[in-house]
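I have placed the structure first, in the form of C-alpha cells, so that the comments after it can refer back to it.
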Amino acid sequence: MKLHVDWNKRHAEKRELSPESLAKVNELMTHVPEGKHKSALIRVLHLAQIEFGWLSIETMDYVAELLKIQPIEVYEVATFYTMFHLDPVGKHVFEVCRTGPCMLVGSDDIIAHLENTLNIKVGETTQDGMFTLKTAECLGACGYGPMLQCRFKNHEFLTKEKVDELIEAYRSGQFES
Amino acid sequence: MKGRKLLIEQVNIPGIETFDVYRKNGGYRSVDKAIKTMSPDDVVEEVKKSGLRGRGGAGFPTGMKWSFLAKPEGVPRYLVCNADESEPGTFKDRYLMEYLPHLLIEGMITSSYALGCNLSFIYIRGEFMWILDILEKAIAEAYAQGYLGKNIIGSGYDLDLRVMPGGGAYICGEETALIESLEGERGNPRIKPPFPAVKGLWGCPTVVNNVESIAAVVPIVNDGGDAYAQIGIGRSTGTKLISASGNLARPGVYEIDLGLSVEEFIYGDDYCRGMANGKKLKACIPGGSSVPILPHYLVSKTAIGEDRLMTYESLADGGFSSGSMLGSGGFIVFDEDQCIVRNTWNFARFYSHESCGQCSPCREGTSWMEKVLYRLENGQGNLRDIDLLAEINKKIEGNTICPLGDAAAWPVAAAIHHFREEFEWHVTNKEESQTRNFGLSKEPVSA
C-alpha cells in the first residue's frame, strides 16, 4: 500500500471531453431510469481515461460536474477500481497478468524480461514517457497465457521474442493507445 | 452423445456475430417461441424442469432463483447478467460473448420476458471493453430488427437492454457488489438478507445470472426443459463450458456434457490432449481458484476409487478432505515442475489484492496469509507458520459478509492438507527454496 502520495503529481490542467464523448455521456444518462444517472459513472471515467490517459483530480471534478454529483463520489469510486490510473502514466500502459494460470505458463519470466528490456520496474514509466509497466490480477485469458493487455487490446501466448516485437510495434506506432 | 454442443456449436460460422447470419442459423427462435406461444410462467417452468444450475460457480438452480423474484405491483424488476468474469482460471464467458454476442442477447430477451423485466443490464468487466463494443453493436442490430425496444415483434412487450462496464474489481462478480457497482458505487457487497430477489438494483427486485446460465435458456426454451434435463447425470444436467488452462497440451474453452470423466477431459483427443511437453500431472484445480486443489491421485479417481466425473456432485465427492468443486469450470492443471507453495502464495496475493476491505477478517486475514505464504515460499518461514495459516483460515471463514473470505481461505487449507510435505520442505530447505521457484519437483507422480 502506498502511504505517501505526491498530491502535486495528481493535478493537471482541466480539459474537456471531446464532443463525441460528451454525446456518449448524454446518451448513457438516458440508459437508466430518471435520477439514477450516477450509474454511468464508471463508464464515463473510462471515457475520460481513454482520452486523457489518466484521471487527474481536475478530471474527476469535471466528471462530477458532468454527472451532477459531488466530487467525493467520483474519488471514492475511482480509487476503488484498479483500472483507473490516478497518477500520470506513459503513452502505452502494459498490464501483464500475474495470477496463477498465467504464472504456470511463465508470466514471471515475461515480467522480468519486460523490466530488463524497458529498464524499469513494475509500476514505473520509461524516461521517454513511452511505456508504463504494470501487473494485473487475472485478465480472463487463462488459457492463452502468458498475456498482457494494452488499452483493451490483448496480446496472448507471449514469448520473450514476441515481447520484443511488441515493444517495437508500439514504439513505431503500429498500435494506437 | 459425444461432442454435442448446445451453446457454441455455431461459433465457427463466418459472420455469426451479425444478426442476419445468426438469425439464418436459427437465432432468436426462443424469443419467437416464448413471446408468441408461452406465458412468462411457462418459461420459468421450463427452466425449472431443465434442472439448470447457475454456471457462475455457486451452482444454485436457476429456475428456483427465478421463482424467488418478488413481484410487487407497480415496482420495476431487473434482470442483470453477470459478465464480470474474473475468477482466475475462468474465461468461458468471454469466449461466448466475443464470438456469439447474439446468443447472450437472445437469452437476455427470453429471460427478461420470463421475469417480466422491461429494463435489463449486462454488467461486463472493464477489461473486456472490446467485447462491450461487440455487444453494443449486436444490441443495436437487435433494436433495428425489432427484437429490442418497444413492442418487441409486435407482442406489446417492451424491453431495453444496456451494457455497463466495471472498473477492474474481482469482488464485483459477487451479486450484491455487482449491483452496487451498477449503481455507480464502490463494489462493497451488501449484507443479506434482504436478497437481491427482494431488494436489489435501486432497491427493486433483481435477478443476477451468469452469462452461461442466460445463454443456456435459449436451448432450454427451444427444445424444452425435459430434453435439456436428459443430458448429464443426476442433478448435474445439461452441458457446461469448461475453461482449461495451465500446463495442458491444448488449453481453451470446451463445451462438455456434464458427466464426462475427468480422465477423458484431460487426456481425450477431443479435449485437452494431455499435459504439455510430456510432463506428468501433479495437481488440478477443477473449478477456478476459489475451490480446493486436488493432488494427482484424486483427480481421475475419488478417494474410494470411483471414476471422477465432471459433475457438481462427483467433483465434490469426499468433501474438503478428498474432493473439490465444479465451481465456474475454471480447470487449472499443474505439471510436475510447479511449486504448490508458490501457487498458493500467488492466489493468496490475488485475494489480498481483491478483498474490498469492508470486513476486517477478510481484509486483514488475506493480507496476513499472503505475507506468511510469501515468507514460506522465499525460505524465511518456520514450521509454526503452517499452523498459523490454518488458524488464520479459521478466523476468516464464515465471518465475512460475502464469500470472498471463504474463497481465499479454502484453497490454502486444501493445499496444506494435501501438500504439507512441500510446505515443510520450504522450511527445511531454506536456501534451495530461495533460489528455486519450485519445490518437490522430484516427488513421485503418476501418469
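For the C-alpha cells, the naming scheme is as follows: chains receive sequential letters (A, B, ...) according to their order of presentation, residues are indexed from 1 within each chain, and ligands are indexed from 1 in presentation order.
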
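For segment 84-88 of chain A, the list of residues within 9 Å, based on only C-alpha atoms and with local chain neighbours fewer than 3 positions off taken out, reads Lys9, Arg10, His11, Leu45, His46, Gln49, Gly53, Trp54, Leu55, Ser56, Ile57, Ala78, Thr79, Phe80 and Tyr81 of chain A; Gly167 and Gly168 of chain B.
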
Set the distance at 9 Å and use only C-alpha atoms: which residues neighbour Leu260 of chain B once local chain neighbours fewer than 4 positions away are removed? I'd like the list as a PDB file with N, CA and C atoms, in the first residue's frame.
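out34.pdb written:
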ATOM      1  N   GLY B 232     -26.576 -35.204 -19.111  1.00  0.00           N
ATOM      2  CA  GLY B 232     -25.928 -35.132 -17.800  1.00  0.00           C
ATOM      3  C   GLY B 232     -26.346 -36.256 -16.877  1.00  0.00           C
ATOM      4  N   ILE B 256     -18.775 -29.404 -22.646  1.00  0.00           N
ATOM      5  CA  ILE B 256     -18.880 -30.831 -22.363  1.00  0.00           C
ATOM      6  C   ILE B 256     -20.280 -31.159 -21.862  1.00  0.00           C
ATOM      7  N   GLU B 264     -11.004 -38.450 -19.286  1.00  0.00           N
ATOM      8  CA  GLU B 264     -11.261 -38.188 -20.704  1.00  0.00           C
ATOM      9  C   GLU B 264     -11.054 -36.705 -21.019  1.00  0.00           C
ATOM     10  N   PHE B 265     -11.480 -35.848 -20.104  1.00  0.00           N
ATOM     11  CA  PHE B 265     -11.350 -34.420 -20.373  1.00  0.00           C
ATOM     12  C   PHE B 265      -9.886 -34.004 -20.463  1.00  0.00           C
ATOM     13  N   ARG B 308     -13.781 -40.223 -11.290  1.00  0.00           N
ATOM     14  CA  ARG B 308     -14.202 -38.847 -11.028  1.00  0.00           C
ATOM     15  C   ARG B 308     -14.837 -38.310 -12.307  1.00  0.00           C
ATOM     16  N   LEU B 309     -16.035 -37.743 -12.174  1.00  0.00           N
ATOM     17  CA  LEU B 309     -16.735 -37.205 -13.338  1.00  0.00           C
ATOM     18  C   LEU B 309     -16.838 -35.689 -13.244  1.00  0.00           C
ATOM     19  N   MET B 310     -17.028 -35.057 -14.401  1.00  0.00           N
ATOM     20  CA  MET B 310     -17.236 -33.613 -14.406  1.00  0.00           C
ATOM     21  C   MET B 310     -18.701 -33.342 -14.069  1.00  0.00           C
ATOM     22  N   THR B 311     -19.048 -33.453 -12.807  1.00  0.00           N
ATOM     23  CA  THR B 311     -20.383 -33.076 -12.340  1.00  0.00           C
ATOM     24  C   THR B 311     -20.217 -32.335 -11.022  1.00  0.00           C
TER      25      THR B 311
END

Q. Within 12 Å of Asp223 of chain B, counting only C-alpha atoms, which residues qualify if same-chain residues fewer than 6 places away don't, as an MDAnalysis selection string?
A. chainID B and resid 6 29:30 33:34 43 46:47 49:50 216:217 229:230

**Q.** Non-local contacts of Thr159 of chain A (12 Å; only C-alpha atoms; under 2 positions in same chain excluded) as a list in words
**A.** Val105, Gly106, Ser107, Asp108, Asp109, Ile110, Ile111, Ala112, His113, Leu114, Tyr144, Gly145, Pro146, Met147, Leu148, His155, Glu156, Phe157, Glu161, Lys162, Val163, Asp164, Glu165 and Leu166 of chain A

Suppose we keep C-alpha atoms; can you now write the selection as a compact mmCIF listing (two decimals), in the first residue's frame?
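out_19.txt, freshly written:
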# COMPACT_ATOMS: atom_id res chain seq x y z
CA VAL A 105 2.97 -20.86 -18.10
CA GLY A 106 5.68 -18.33 -17.38
CA SER A 107 4.32 -14.84 -16.66
CA ASP A 108 7.14 -14.27 -14.13
CA ASP A 109 9.68 -14.57 -16.94
CA ILE A 110 7.71 -12.21 -19.14
CA ILE A 111 7.52 -9.60 -16.39
CA ALA A 112 11.27 -9.91 -15.72
CA HIS A 113 12.00 -9.65 -19.44
CA LEU A 114 9.89 -6.51 -19.75
CA TYR A 144 -3.91 -18.08 -23.68
CA GLY A 145 -1.19 -17.01 -21.28
CA PRO A 146 1.22 -15.52 -20.66
CA MET A 147 -0.52 -12.37 -21.77
CA LEU A 148 -0.58 -8.63 -21.39
CA HIS A 155 -1.57 -9.82 -26.56
CA GLU A 156 -1.58 -13.51 -25.80
CA PHE A 157 0.75 -16.55 -25.86
CA GLU A 161 10.72 -12.71 -28.74
CA LYS A 162 7.10 -11.71 -29.07
CA VAL A 163 7.52 -9.16 -26.29
CA ASP A 164 10.47 -7.63 -28.15
CA GLU A 165 8.41 -7.40 -31.33
CA LEU A 166 5.54 -5.92 -29.39

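Across the model, the gap from atom CA of Leu182 of chain B to atom CA of Arg162 of chain B is 11.1 Å.
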
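Backbone DSSP over segment 4-45 of chain A yields alpha helix (DSSP H) at Pro19, Glu20, Ser21, Leu22, Ala23, Lys24, Val25, Asn26, Glu27, Leu28, Met29, Thr30, Leu41, Ile42, Arg43, Val44 and Leu45 of chain A.
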
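Look at Tyr267 of chain B: the protein and nucleic acid residues within 12 Å of it, using only C-alpha atoms and passing over chain neighbours fewer than 4 places away, are Leu248, Ala249, Arg250, Pro251, Leu260, Ser261, Val262, Glu263, Tyr271, Cys272, Arg273, Gly274, Met275, Ala276, Gly278, Lys280, Leu281, Ser300, Val333 and Ala447 of chain B.
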
(Q) For a quick test of understanding: name the residues of chain B lying within 8 Å of chain A when counting only C-alpha atoms, and present them as a PyMOL selection string. (A) chain B and resi 85-91+94+126-130+162+164-169+181-187+243-247+251-253+332+334+338+343+346-347+350

For the residues selected in the previous step, produce a file with C-alpha atoms as a PDB file, in the first residue's frame.
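The resulting file, selection_2.pdb, is shown below:
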ATOM      1  CA  GLU B  85     -15.820 -12.977 -15.308  1.00  0.00           C
ATOM      2  CA  SER B  86     -12.767 -12.616 -13.096  1.00  0.00           C
ATOM      3  CA  GLU B  87     -12.308 -15.899 -11.267  1.00  0.00           C
ATOM      4  CA  PRO B  88      -8.742 -16.937 -12.084  1.00  0.00           C
ATOM      5  CA  GLY B  89      -8.893 -19.886 -14.454  1.00  0.00           C
ATOM      6  CA  THR B  90     -12.223 -18.894 -15.980  1.00  0.00           C
ATOM      7  CA  PHE B  91     -12.522 -17.394 -19.440  1.00  0.00           C
ATOM      8  CA  ARG B  94     -15.518 -14.008 -22.677  1.00  0.00           C
ATOM      9  CA  GLY B 126     -13.954  -3.243 -17.615  1.00  0.00           C
ATOM     10  CA  GLU B 127     -11.001  -5.148 -19.043  1.00  0.00           C
ATOM     11  CA  PHE B 128     -13.341  -6.632 -21.663  1.00  0.00           C
ATOM     12  CA  MET B 129     -14.032  -3.229 -23.212  1.00  0.00           C
ATOM     13  CA  TRP B 130     -13.654  -4.549 -26.740  1.00  0.00           C
ATOM     14  CA  ARG B 162     -27.893  -1.988 -21.766  1.00  0.00           C
ATOM     15  CA  MET B 164     -22.384  -1.447 -18.290  1.00  0.00           C
ATOM     16  CA  PRO B 165     -18.669  -1.894 -17.645  1.00  0.00           C
ATOM     17  CA  GLY B 166     -16.927  -2.438 -14.334  1.00  0.00           C
ATOM     18  CA  GLY B 167     -13.609  -0.930 -13.406  1.00  0.00           C
ATOM     19  CA  GLY B 168     -11.452  -3.918 -12.575  1.00  0.00           C
ATOM     20  CA  ALA B 169     -12.559  -5.477  -9.321  1.00  0.00           C
ATOM     21  CA  SER B 181     -21.128  -1.165  -8.922  1.00  0.00           C
ATOM     22  CA  LEU B 182     -24.010  -0.884 -11.396  1.00  0.00           C
ATOM     23  CA  GLU B 183     -25.392   1.920  -9.268  1.00  0.00           C
ATOM     24  CA  GLY B 184     -22.077   3.723  -9.687  1.00  0.00           C
ATOM     25  CA  GLU B 185     -20.711   2.963  -6.229  1.00  0.00           C
ATOM     26  CA  ARG B 186     -17.695   1.128  -4.812  1.00  0.00           C
ATOM     27  CA  GLY B 187     -18.129  -2.612  -5.109  1.00  0.00           C
ATOM     28  CA  SER B 243     -12.107 -23.186 -19.380  1.00  0.00           C
ATOM     29  CA  ALA B 244      -8.968 -25.307 -19.374  1.00  0.00           C
ATOM     30  CA  SER B 245      -5.680 -23.637 -18.521  1.00  0.00           C
ATOM     31  CA  GLY B 246      -2.287 -24.345 -17.040  1.00  0.00           C
ATOM     32  CA  ASN B 247       0.177 -26.925 -18.297  1.00  0.00           C
ATOM     33  CA  PRO B 251      -5.857 -25.330 -23.228  1.00  0.00           C
ATOM     34  CA  GLY B 252      -9.019 -23.488 -24.205  1.00  0.00           C
ATOM     35  CA  VAL B 253     -12.787 -23.428 -23.844  1.00  0.00           C
ATOM     36  CA  ILE B 332      -6.328 -25.338 -13.936  1.00  0.00           C
ATOM     37  CA  PHE B 334      -0.290 -28.216 -12.789  1.00  0.00           C
ATOM     38  CA  GLN B 338       5.105 -26.477 -10.437  1.00  0.00           C
ATOM     39  CA  ASN B 343       0.974 -21.109  -6.430  1.00  0.00           C
ATOM     40  CA  ASN B 346       0.109 -16.355  -5.778  1.00  0.00           C
ATOM     41  CA  PHE B 347      -3.607 -16.951  -5.217  1.00  0.00           C
ATOM     42  CA  PHE B 350      -4.778 -12.300  -5.561  1.00  0.00           C
TER      43      PHE B 350
END

Q: Would you list, as a list in words, the residues of segment 131-191 of chain B that end up in strand (DSSP E) under DSSP run on this structure's backbone?
A: Asp160, Leu161, Arg162, Val163, Met164 and Pro165 of chain B

Just the selected residues (N, CA and C atoms), exported as a PDB file, in the first residue's frame, please.
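Contents of again28.pdb, as written:
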ATOM      1  N   ASP B 160     -35.679  -2.869 -22.824  1.00  0.00           N
ATOM      2  CA  ASP B 160     -34.424  -2.194 -23.147  1.00  0.00           C
ATOM      3  C   ASP B 160     -33.284  -2.992 -22.535  1.00  0.00           C
ATOM      4  N   LEU B 161     -32.195  -3.111 -23.289  1.00  0.00           N
ATOM      5  CA  LEU B 161     -31.040  -3.865 -22.802  1.00  0.00           C
ATOM      6  C   LEU B 161     -29.803  -2.983 -22.903  1.00  0.00           C
ATOM      7  N   ARG B 162     -29.075  -2.852 -21.798  1.00  0.00           N
ATOM      8  CA  ARG B 162     -27.893  -1.988 -21.766  1.00  0.00           C
ATOM      9  C   ARG B 162     -26.681  -2.743 -21.246  1.00  0.00           C
ATOM     10  N   VAL B 163     -25.515  -2.333 -21.720  1.00  0.00           N
ATOM     11  CA  VAL B 163     -24.276  -2.934 -21.230  1.00  0.00           C
ATOM     12  C   VAL B 163     -23.567  -1.911 -20.355  1.00  0.00           C
ATOM     13  N   MET B 164     -23.107  -2.339 -19.195  1.00  0.00           N
ATOM     14  CA  MET B 164     -22.384  -1.447 -18.290  1.00  0.00           C
ATOM     15  C   MET B 164     -21.047  -2.079 -17.930  1.00  0.00           C
ATOM     16  N   PRO B 165     -19.968  -1.311 -17.990  1.00  0.00           N
ATOM     17  CA  PRO B 165     -18.669  -1.894 -17.645  1.00  0.00           C
ATOM     18  C   PRO B 165     -18.332  -1.716 -16.166  1.00  0.00           C
TER      19      PRO B 165
END

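The protein and nucleic acid residues lying at most 8 Å from Leu373 of chain B are Val341, Arg342, Thr344, Trp345, Ala348, Met369 and Glu377 of chain B, with only C-alpha atoms considered and sequence neighbours fewer than 4 positions away removed.
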
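Between atom CA of Arg15 of chain A and atom CA of Ala169 of chain A the interatomic distance comes to 29.4 Å.
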
Q: Mind checking which residues fall within 12 Å of Gly173 of chain A, counting only C-alpha atoms, ignoring those fewer than 6 positions away in the same chain, and posting them as a ChimeraX atom specification?
A: /A:91-92,130,166-167

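Taking atom CA of Ile231 of chain B and atom CA of Lys48 of chain B as endpoints, the distance between them is 14.7 Å.
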